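Source file input-v8.pdb; content: PDB, C-alpha atoms.
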```pdb
ATOM      1  CA  MET Z 223      -8.018 -35.125 -15.522
ATOM      2  CA  SER Z 224      -4.242 -34.864 -15.773
ATOM      3  CA  PRO Z 225      -2.134 -36.890 -13.329
ATOM      4  CA  ARG Z 226      -0.686 -34.954 -10.437
ATOM      5  CA  ARG Z 227       2.899 -33.919 -10.975
ATOM      6  CA  SER Z 228       5.097 -34.213  -7.925
ATOM      7  CA  TYR Z 229       8.561 -33.232  -6.803
ATOM      8  CA  ASP Z 230       8.637 -36.589  -4.990
ATOM      9  CA  GLN Z 231      10.329 -35.038  -1.982
ATOM     10  CA  TYR Z 232       9.372 -35.766   1.621
ATOM     11  CA  CYS Z 233       9.160 -32.071   2.517
ATOM     12  CA  SER Z 234       6.050 -30.056   3.401
ATOM     13  CA  ALA Z 235       7.128 -27.145   1.161
ATOM     14  CA  ALA Z 236       7.559 -29.530  -1.769
ATOM     15  CA  ARG Z 237       4.169 -31.125  -1.060
ATOM     16  CA  ALA Z 238       2.554 -27.680  -0.941
ATOM     17  CA  LEU Z 239       4.117 -26.769  -4.271
ATOM     18  CA  ASP Z 240       2.822 -30.035  -5.726
ATOM     19  CA  ALA Z 241      -0.670 -28.611  -5.110
ATOM     20  CA  VAL Z 242      -0.279 -24.872  -5.733
ATOM     21  CA  GLY Z 243       3.014 -24.436  -7.563
ATOM     22  CA  ASP Z 244       1.596 -24.547 -11.085
ATOM     23  CA  ARG Z 245       1.291 -21.288 -13.011
ATOM     24  CA  TRP Z 246      -2.065 -19.527 -12.376
ATOM     25  CA  THR Z 247      -3.131 -21.626  -9.380
ATOM     26  CA  LEU Z 248      -2.460 -19.021  -6.686
ATOM     27  CA  LEU Z 249      -3.938 -16.265  -8.850
ATOM     28  CA  ILE Z 250      -7.126 -18.327  -9.137
ATOM     29  CA  VAL Z 251      -7.117 -18.492  -5.337
ATOM     30  CA  ARG Z 252      -6.728 -14.694  -5.257
ATOM     31  CA  GLU Z 253      -9.849 -14.339  -7.392
ATOM     32  CA  LEU Z 254     -11.861 -16.870  -5.376
ATOM     33  CA  LEU Z 255     -11.101 -15.062  -2.121
ATOM     34  CA  ALA Z 256     -13.892 -12.771  -3.340
ATOM     35  CA  GLY Z 257     -16.355 -15.648  -2.986
ATOM     36  CA  PRO Z 258     -18.044 -17.870  -5.590
ATOM     37  CA  ARG Z 259     -17.166 -16.965  -9.188
ATOM     38  CA  ARG Z 260     -18.413 -18.167 -12.547
ATOM     39  CA  TYR Z 261     -15.891 -19.540 -15.030
ATOM     40  CA  THR Z 262     -16.477 -16.601 -17.389
ATOM     41  CA  ASP Z 263     -15.823 -14.108 -14.592
ATOM     42  CA  LEU Z 264     -12.629 -15.882 -13.604
ATOM     43  CA  HIS Z 265     -11.425 -15.895 -17.188
ATOM     44  CA  ALA Z 266     -12.172 -12.175 -17.558
ATOM     45  CA  ASP Z 267     -10.182 -11.307 -14.430
ATOM     46  CA  LEU Z 268      -7.190 -13.496 -15.288
ATOM     47  CA  PRO Z 269      -6.005 -11.858 -18.515
ATOM     48  CA  GLY Z 270      -3.467 -14.010 -20.307
ATOM     49  CA  VAL Z 271      -4.745 -17.420 -19.221
ATOM     50  CA  SER Z 272      -6.094 -19.689 -21.935
ATOM     51  CA  THR Z 273      -9.466 -21.373 -21.535
ATOM     52  CA  ASP Z 274      -7.839 -24.816 -21.594
ATOM     53  CA  VAL Z 275      -5.314 -23.947 -18.896
ATOM     54  CA  LEU Z 276      -7.940 -22.330 -16.666
ATOM     55  CA  ALA Z 277     -10.268 -25.314 -17.002
ATOM     56  CA  GLY Z 278      -7.388 -27.679 -16.236
ATOM     57  CA  ARG Z 279      -6.264 -25.733 -13.188
ATOM     58  CA  LEU Z 280      -9.810 -25.641 -11.816
ATOM     59  CA  ARG Z 281     -10.116 -29.413 -12.253
ATOM     60  CA  ASP Z 282      -6.791 -29.946 -10.495
ATOM     61  CA  MET Z 283      -7.761 -27.617  -7.646
ATOM     62  CA  GLU Z 284     -11.055 -29.450  -7.172
ATOM     63  CA  ARG Z 285      -9.224 -32.790  -7.144
ATOM     64  CA  ASP Z 286      -6.784 -31.467  -4.546
ATOM     65  CA  GLY Z 287      -9.570 -30.235  -2.278
ATOM     66  CA  LEU Z 288      -8.900 -26.524  -2.756
ATOM     67  CA  THR Z 289     -12.122 -25.660  -4.591
ATOM     68  CA  THR Z 290     -15.609 -26.989  -5.161
ATOM     69  CA  ARG Z 291     -18.027 -26.446  -8.014
ATOM     70  CA  ARG Z 292     -21.777 -26.081  -7.557
ATOM     71  CA  ARG Z 293     -24.754 -25.045  -9.625
ATOM     72  CA  LEU Z 294     -26.656 -21.921  -8.654
ATOM     73  CA  PRO Z 295     -30.426 -22.278  -8.275
ATOM     74  CA  PRO Z 296     -32.702 -20.726 -10.929
ATOM     75  CA  PRO Z 297     -32.847 -18.154 -12.358
ATOM     76  CA  GLY Z 298     -29.032 -18.135 -12.292
ATOM     77  CA  ALA Z 299     -28.575 -21.845 -13.053
ATOM     78  CA  ALA Z 300     -24.844 -21.307 -13.705
ATOM     79  CA  TYR Z 301     -21.949 -23.213 -12.191
ATOM     80  CA  VAL Z 302     -19.708 -21.348  -9.763
ATOM     81  CA  TYR Z 303     -16.358 -22.213  -8.241
ATOM     82  CA  GLU Z 304     -15.498 -21.449  -4.642
ATOM     83  CA  LEU Z 305     -12.729 -22.139  -2.181
ATOM     84  CA  THR Z 306     -12.987 -24.874   0.394
ATOM     85  CA  ALA Z 307     -11.818 -24.264   3.953
ATOM     86  CA  ARG Z 308      -8.501 -25.788   2.847
ATOM     87  CA  GLY Z 309      -8.325 -23.351  -0.055
ATOM     88  CA  ARG Z 310      -9.077 -20.359   2.185
ATOM     89  CA  GLU Z 311      -6.092 -21.319   4.310
ATOM     90  CA  LEU Z 312      -3.950 -20.038   1.425
ATOM     91  CA  MET Z 313      -4.911 -16.431   2.263
ATOM     92  CA  PRO Z 314      -1.878 -15.824   4.535
ATOM     93  CA  VAL Z 315       0.326 -17.558   1.965
ATOM     94  CA  LEU Z 316      -0.812 -15.096  -0.698
ATOM     95  CA  GLN Z 317      -0.390 -12.189   1.699
ATOM     96  CA  ALA Z 318       3.142 -13.273   2.581
ATOM     97  CA  LEU Z 319       3.958 -13.698  -1.113
ATOM     98  CA  GLY Z 320       2.502 -10.258  -1.863
ATOM     99  CA  LYS Z 321       4.526  -8.697   0.944
ATOM    100  CA  TRP Z 322       7.684 -10.375  -0.328
ATOM    101  CA  GLY Z 323       6.945  -9.152  -3.853
ATOM    102  CA  GLU Z 324       6.386  -5.499  -2.971
ATOM    103  CA  GLY Z 325       9.947  -4.648  -3.956
ATOM    104  CA  GLU Z 326       9.456  -6.353  -7.333
ATOM    105  CA  LEU Z 327       6.393  -4.328  -8.282
ATOM    106  CA  GLY Z 328       8.046  -1.126  -9.471
ATOM    107  CA  GLU Z 329       6.144   1.233 -11.735
ATOM    108  CA  ARG Z 330       3.269  -0.099 -13.789
ATOM    109  CA  ARG Z 331       4.387  -1.164 -17.266
ATOM    110  CA  PRO Z 332       2.364  -0.312 -20.390
ATOM    111  CA  THR Z 333       1.655  -4.017 -20.892
ATOM    112  CA  ASP Z 334       0.467  -4.607 -17.306
ATOM    113  CA  ALA Z 335      -3.201  -5.468 -16.899
ATOM    114  CA  VAL Z 336      -4.933  -4.135 -13.807
ATOM    115  CA  ARG Z 337      -8.205  -4.706 -11.989
ATOM    116  CA  ALA Z 338      -9.409  -2.551  -9.120
ATOM    117  CA  HIS Z 339      -9.865  -5.516  -6.792
ATOM    118  CA  TRP Z 340      -6.221  -6.559  -7.214
ATOM    119  CA  PHE Z 341      -5.464  -3.812  -4.684
ATOM    120  CA  ALA Z 342      -7.700  -5.504  -2.096
ATOM    121  CA  LEU Z 343      -5.035  -7.785  -0.613
ATOM    122  CA  PRO Z 344      -2.381  -5.042  -0.318
ATOM    123  CA  LEU Z 345      -4.977  -2.816   1.332
ATOM    124  CA  LEU Z 346      -5.932  -5.554   3.781
ATOM    125  CA  ARG Z 347      -2.255  -5.916   4.699
ATOM    126  CA  ALA Z 348      -2.102  -2.186   5.391
ATOM    127  CA  LEU Z 349      -5.383  -1.793   7.300
ATOM    128  CA  GLU Z 350      -5.627  -2.144  11.056
ATOM    129  CA  GLY Z 351      -8.932  -2.970  12.678
ATOM    130  CA  GLU Z 352     -12.042  -4.793  11.558
ATOM    131  CA  GLY Z 353     -14.994  -3.798   9.439
ATOM    132  CA  LEU Z 354     -16.423  -3.409   5.952
ATOM    133  CA  VAL Z 355     -14.532  -0.882   3.847
ATOM    134  CA  GLU Z 356     -15.645   0.471   0.476
ATOM    135  CA  VAL Z 357     -12.823   1.677  -1.777
ATOM    136  CA  ARG Z 358     -12.976   3.943  -4.806
ATOM    137  CA  LEU Z 359      -9.981   3.915  -7.155
ATOM    138  CA  ASP Z 360      -9.394   5.360 -10.618
ATOM    139  CA  GLU Z 361      -9.939   1.820 -11.940
ATOM    140  CA  GLY Z 362     -13.252   1.276 -10.154
ATOM    141  CA  HIS Z 363     -14.851   0.248  -6.860
ATOM    142  CA  PHE Z 364     -14.275  -2.703  -4.599
ATOM    143  CA  HIS Z 365     -14.867  -3.513  -0.946
ATOM    144  CA  VAL Z 366     -12.917  -5.434   1.665
ATOM    145  CA  PHE Z 367     -13.914  -7.212   4.858
ATOM    146  CA  ALA Z 368     -11.058  -6.252   7.169
ATOM    147  CA  GLY Z 369     -10.452  -8.880   9.816
ATOM    148  CA  ALA Z 370     -12.737 -11.443   8.159
ATOM    149  CA  GLN Z 371     -12.141 -14.994   9.363
ATOM    150  CA  ASP Z 372     -14.569 -16.902   7.128
ATOM    151  CA  GLY Z 373     -16.147 -16.298   3.754
ATOM    152  CA  PRO Z 374     -15.158 -13.667   1.182
ATOM    153  CA  VAL Z 375     -12.442 -11.186   2.125
ATOM    154  CA  TYR Z 376     -13.213  -8.740  -0.682
ATOM    155  CA  GLY Z 377     -15.600  -8.151  -3.565
ATOM    156  CA  ASP Z 378     -16.038  -6.082  -6.716
ATOM    157  CA  GLY Z 379     -18.225  -3.000  -6.724
ATOM    158  CA  PRO Z 380     -19.790  -1.009  -3.889
ATOM    159  CA  ALA Z 381     -20.200  -2.534  -0.432
ATOM    160  CA  PRO Z 382     -23.256  -4.793  -0.058
ATOM    161  CA  ARG Z 383     -24.373  -2.817   2.992
ATOM    162  CA  GLU Z 384     -23.484   0.424   4.741
ATOM    163  CA  PRO Z 385     -19.702   0.234   5.169
ATOM    164  CA  ASP Z 386     -17.757   1.091   8.291
ATOM    165  CA  ALA Z 387     -15.552   3.371   6.168
ATOM    166  CA  ARG Z 388     -15.277   4.666   2.631
ATOM    167  CA  LEU Z 389     -11.856   5.342   1.145
ATOM    168  CA  ALA Z 390     -11.134   7.293  -2.039
ATOM    169  CA  LEU Z 391      -7.629   7.347  -3.485
ATOM    170  CA  ASP Z 392      -5.881   7.757  -6.807
ATOM    171  CA  ALA Z 393      -3.797   5.300  -8.797
ATOM    172  CA  GLY Z 394      -0.488   6.678  -7.540
ATOM    173  CA  THR Z 395      -1.501   6.261  -3.915
ATOM    174  CA  SER Z 396      -2.822   2.737  -4.403
ATOM    175  CA  ALA Z 397       0.401   1.789  -6.198
ATOM    176  CA  ALA Z 398       2.507   3.251  -3.359
ATOM    177  CA  LEU Z 399       0.496   1.236  -0.844
ATOM    178  CA  SER Z 400       0.975  -1.909  -2.934
ATOM    179  CA  ARG Z 401       4.732  -1.342  -3.071
ATOM    180  CA  GLY Z 402       4.865  -0.884   0.712
ATOM    181  CA  GLU Z 403       6.132   2.683   0.333
ATOM    182  CA  LEU Z 404       3.198   4.287   2.133
ATOM    183  CA  SER Z 405       0.985   3.333   5.042
ATOM    184  CA  VAL Z 406      -2.757   3.939   5.101
ATOM    185  CA  VAL Z 407      -2.434   6.218   8.131
ATOM    186  CA  ASP Z 408       0.313   8.311   6.518
ATOM    187  CA  ALA Z 409      -1.710   8.544   3.296
ATOM    188  CA  VAL Z 410      -4.752   9.772   5.255
ATOM    189  CA  ARG Z 411      -2.638  12.327   7.134
ATOM    190  CA  ALA Z 412      -1.154  13.575   3.851
ATOM    191  CA  GLY Z 413      -4.585  13.971   2.305
ATOM    192  CA  ARG Z 414      -3.936  11.265  -0.268
ATOM    193  CA  ILE Z 415      -6.807   9.101   1.012
ATOM    194  CA  ASP Z 416     -10.191  10.686   1.635
ATOM    195  CA  VAL Z 417     -12.029   8.923   4.478
ATOM    196  CA  SER Z 418     -15.778   9.154   4.977
ATOM    197  CA  GLY Z 419     -18.293   7.231   7.060
ATOM    198  CA  ASP Z 420     -19.391   7.084  10.673
ATOM    199  CA  GLY Z 421     -18.090   3.639  11.605
ATOM    200  CA  THR Z 422     -15.410   2.922  14.180
ATOM    201  CA  LEU Z 423     -12.829   2.199  11.486
ATOM    202  CA  ALA Z 424     -13.487   5.490   9.684
ATOM    203  CA  LYS Z 425     -13.177   7.449  12.924
ATOM    204  CA  ALA Z 426      -9.983   5.635  13.859
ATOM    205  CA  LEU Z 427      -8.404   6.466  10.489
ATOM    206  CA  ARG Z 428      -9.367  10.137  10.705
ATOM    207  CA  GLU Z 429      -8.063  10.421  14.258
ATOM    208  CA  ALA Z 430      -4.837   8.472  13.786
TER     209      ALA Z 430
END
```

Take the structure in the file and give it back as structure tokens.
Amino acid sequence: MSPRRSYDQYCSAARALDAVGDRWTLLIVRELLAGPRRYTDLHADLPGVSTDVLAGRLRDMERDGLTTRRRLPPPGAAYVYELTARGRELMPVLQALGKWGEGELGERRPTDAVRAHWFALPLLRALEGEGLVEVRLDEGHFHVFAGAQDGPVYGDGPAPREPDARLALDAGTSAALSRGELSVVDAVRAGRIDVSGDGTLAKALREA
């Protein structure tokens, strides 16, 4: 395990960056906000990271109390990584960073990788209310737990149970939401987001 690098400054921001300031660390947190993930799944959803760097970051994060590693019971019998309570406290940090970066996003470049669930955090910033929301994009499905306090805040694929609302939108609309150019309510009113479902959240969106 590599020794911790430090700014050696008696400042809480500097101490925080000692733990999460390395390249890829916060993006690993973004992925683990979906719940426990296998190493291979993390590597697949972090295009551009080498296996050595990912393994090193995960070791450092475990050492710093941000993640834990455990073995799934049979028949899975694979190791998964998950955030600790301390690691989950980085959720508002990521959301603030994402909000700050909206103006930097611009149009998608030909070299930009994309995963459907990368739109989960921008959507959570834009949603008001609580409930399970299933989202269908051009890139695929994901679901978010709006207002969740503990556990996963989003996940790949369809919702694990009947959602409170289903949203369908195209790539242009999801990009506009991510850039902060469009609100969910305005997108629903303009017909750019199709809302279905009988839950309180779905009704609130249709009636807004």

Sorted per-residue table, range 242-342 of chain Z near range 224-234 of chain Z, closest atoms and distance, 9 Å, all atoms listed in the file, as CSV:
```
residue,atom,partner,partner_atom,distance
Z:Gly278,CA,Z:Ser224,CA,7.9
Z:Arg281,CA,Z:Ser224,CA,8.8
Z:Asp282,CA,Z:Ser224,CA,7.7
```

Check: Quick one: distance from CA of Arg291 in chain Z to CA of Phe364 in chain Z in Å, one decimal?
Finding: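 According to the coordinates, CA of Arg291 in chain Z and CA of Phe364 in chain Z are separated by 24.3 Å.
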
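Taking all atoms listed in the file into account, Ala342 in chain Z lies nearest to Z:Ala397 out of the set Z:Ala299, Z:Ala277, Z:Ala397, Z:Leu294.
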
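Counting all atoms listed in the file and comparing Z:Pro374, Z:Pro382, Z:Gly328, Z:Gly257, the residue that lies closest to Gly394 in chain Z is Z:Gly328.
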
Item checked: Residue nearest Tyr376 in chain Z among Z:Leu391, Z:Ile250, Z:Val357, Z:Leu427 (counting all atoms listed in the file) ->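 Checking each candidate against Tyr376 in chain Z, we get Z:Val357 as the closest.
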
Next item on the list: Name the residues that the PyMOL selection byres ((chain Z and resi 306-317) around 6) picks from the file above, as a ChimeraX atom specification, using the file's chain letters and numbers.
Entry: /Z:288-289,305,318-320

Check: Between Z:Gly373, Z:Pro295, Z:Arg260, Z:Thr247, which has the minimum distance to Leu276 in chain Z (counting all atoms listed in the file)?
Finding: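 Among Z:Gly373, Z:Pro295, Z:Arg260, Z:Thr247, it is Z:Thr247 that comes nearest to Leu276 in chain Z.
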
Notebook entry, point to check: CA of Arg279 in chain Z and CA of Asp244 in chain Z are how many Å apart?
Noted result: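 Computing it gives 8.2 Å between the two atoms.
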
Notebook entry, point to check: To one decimal place, how far is CA of Ala368 in chain Z from CA of Leu346 in chain Z in Å?
Noted result: 6.2 Å

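Minimum atom-to-atom distance to Leu354 in chain Z, evaluated using only C-alpha atoms, belongs to Z:Glu384 out of Z:Asp240, Z:Glu384, Z:Glu429, Z:Asp286.
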
Enclose range 263-280 of chain Z, meaning all of its atoms listed in the file, in a box aligned along x, y and z, pad it by 8 Å on each side, and list the centre and edge lengths in Å to one decimal, as AutoDock Vina command-line options.
```
--center_x -9.6 --center_y -19.5 --center_z -16.9 --size_x 28.4 --size_y 32.4 --size_z 26.1
```

Next item on the list: Would you list the residues near (2.2, -23.0, -18.1), meaning any protein, DNA or RNA residue with an atom at most 10 Å from that point in file coordinates, counting all atoms listed in the file, as a PyMOL selection string?
Entry: chain Z and resi 244-246+271-272+275

Next item on the list: Output the residue selection produced by the PyMOL selection byres ((chain Z and resi 399-405) around 10) on the file above, formatted as a VMD selection string.
Entry: chain Z and resid 320 to 329 340 to 345 347 to 349 393 to 398 406 to 411

Next item on the list: With the file shown as input, list the residues that the PyMOL selection byres ((chain Z and resi 300) around 12) selects, as a ChimeraX atom specification.
Entry: /Z:258-263,291-299,301-303

Notebook entry, point to check: Counting all atoms listed in the file, what is within 10 Å of Gly377 in chain Z, bar same-chain residues fewer than 2 positions away, as a PyMOL selection string?
Noted result: chain Z and resi 253-257+339+342+356+363-367+374-375+379-382

Check: Of the candidates Z:Leu249, Z:Gly270, Z:Gly353, Z:Ala390, which one gets nearest to Thr333 in chain Z if we count all atoms listed in the file?
Finding: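 Among the listed residues, Z:Gly270 lies closest to Thr333 in chain Z.
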
I'd like the contact shell of Pro269 in chain Z - 10 Å cut-off, only C-alpha atoms, skipping same-chain residues fewer than 2 positions apart - returned as a PDB file with C-alpha atoms, in the frame of the given file.
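Below is the file that was written, selection_5.pdb:
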```
ATOM      1  CA  LEU Z 264     -12.629 -15.882 -13.604  1.00  0.00           C
ATOM      2  CA  HIS Z 265     -11.425 -15.895 -17.188  1.00  0.00           C
ATOM      3  CA  ALA Z 266     -12.172 -12.175 -17.558  1.00  0.00           C
ATOM      4  CA  ASP Z 267     -10.182 -11.307 -14.430  1.00  0.00           C
ATOM      5  CA  VAL Z 271      -4.745 -17.420 -19.221  1.00  0.00           C
ATOM      6  CA  SER Z 272      -6.094 -19.689 -21.935  1.00  0.00           C
ATOM      7  CA  ASP Z 334       0.467  -4.607 -17.306  1.00  0.00           C
ATOM      8  CA  ALA Z 335      -3.201  -5.468 -16.899  1.00  0.00           C
ATOM      9  CA  VAL Z 336      -4.933  -4.135 -13.807  1.00  0.00           C
ATOM     10  CA  ARG Z 337      -8.205  -4.706 -11.989  1.00  0.00           C
TER      11      ARG Z 337
END
```
